[in-house]
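Working notes for the structure below.
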Amino acid sequence: MQATPEFAELRRKLRAFVFPMSAAFLIWYLLYVLLASFAPAFMAIPVVGNINVGLVIGLLQFVTTFVITTLYVRYADRHLDPAAERIRQQIEGAE
């Protein structure tokens, strides 16, 4: 089954989402780490009260994680799950 064009297409669709999204998030996280390491004065700029830029960017890391999860679920529902279901039916029908 792994050699079939359907499975190859499913893998391609998965990678088309996962690799760019992972790279984007890792760059975003690396930016946060680099700012914290090399621009502490920038990260210490107060935004509101005791909340500073570093805290806001750190919290946005969590928000980004939830956004990426939501996007992945939608992508999987539309593109991956139907293809996986077709492959599953082919496998079960072959037995």
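The chains in the structure tokens are called A, B, ... from first to last as shown; in each chain the residues are counted from 1, and the ligands are counted from 1 in the order shown.
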request  = Would you mind listing what lies within 10 Å of Ala76 in chain A as a VMD selection string, with only C-alpha atoms counted and same-chain residues fewer than 5 positions away left out?
outcome  = chain A and resid 13 to 14 17 70 to 71 81 to 84
request  = Just the residues within 12 Å of Val56 in chain A, please, counting only C-alpha atoms, with nothing from its chain fewer than 5 positions along; format it as a PyMOL selection string.
outcome  = chain A and resi 32+42-48+50-51+61-63
Could you save those same residues with C-alpha atoms as an mmCIF file, in the first residue's frame?
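part.cif, freshly written:
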data_model
loop_
_atom_site.group_PDB
_atom_site.id
_atom_site.type_symbol
_atom_site.label_atom_id
_atom_site.label_comp_id
_atom_site.auth_asym_id
_atom_site.auth_seq_id
_atom_site.Cartn_x
_atom_site.Cartn_y
_atom_site.Cartn_z
ATOM 1 C CA TYR A 32 11.823 34.991 20.746
ATOM 2 C CA PHE A 42 13.702 45.616 24.147
ATOM 3 C CA MET A 43 12.051 42.676 25.899
ATOM 4 C CA ALA A 44 11.864 44.708 29.135
ATOM 5 C CA ILE A 45 9.888 47.570 27.582
ATOM 6 C CA PRO A 46 6.706 47.950 29.635
ATOM 7 C CA VAL A 47 3.428 47.547 27.774
ATOM 8 C CA VAL A 48 0.865 47.845 30.565
ATOM 9 C CA ASN A 50 4.142 45.012 34.967
ATOM 10 C CA ILE A 51 3.522 43.405 31.589
ATOM 11 C CA GLN A 61 3.923 31.578 21.586
ATOM 12 C CA PHE A 62 1.017 29.769 23.269
ATOM 13 C CA VAL A 63 -1.521 31.529 21.070
#
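Among the candidates A:Leu60, A:Leu10, A:Val53, A:Ala16, the residue lying nearest to Leu35 in chain A is A:Val53 (atoms considered: only C-alpha atoms).
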key: Expected answer as an MDAnalysis selection string: helix (DSSP H, G or I) residues in range 33-78 of chain A   = chainID A and resid 33:38 40:43 53:78
Selected residue of minimal separation from Ala3 in chain A among A:Ile87, A:Ile27, A:Leu59, A:Leu80, counting only C-alpha atoms = A:Ile87
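For the set A:Ala41, A:Gly49, A:Ile91, A:Val18, the residue with the smallest atom-to-atom gap to Val73 in chain A is A:Val18, counting only C-alpha atoms.
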ask   = Hey, can you check how far CA of Leu34 in chain A sits from CA of Arg15 in chain A?
value = 27.5 Å
ask   = From the list A:His79, A:Glu92, A:Ala24, A:Glu85, which residue is nearest Arg12 in chain A when using only C-alpha atoms?
value = A:His79
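The two atoms in question, CA of Leu55 in chain A and CA of Phe25 in chain A, are spaced 17.6 Å apart.
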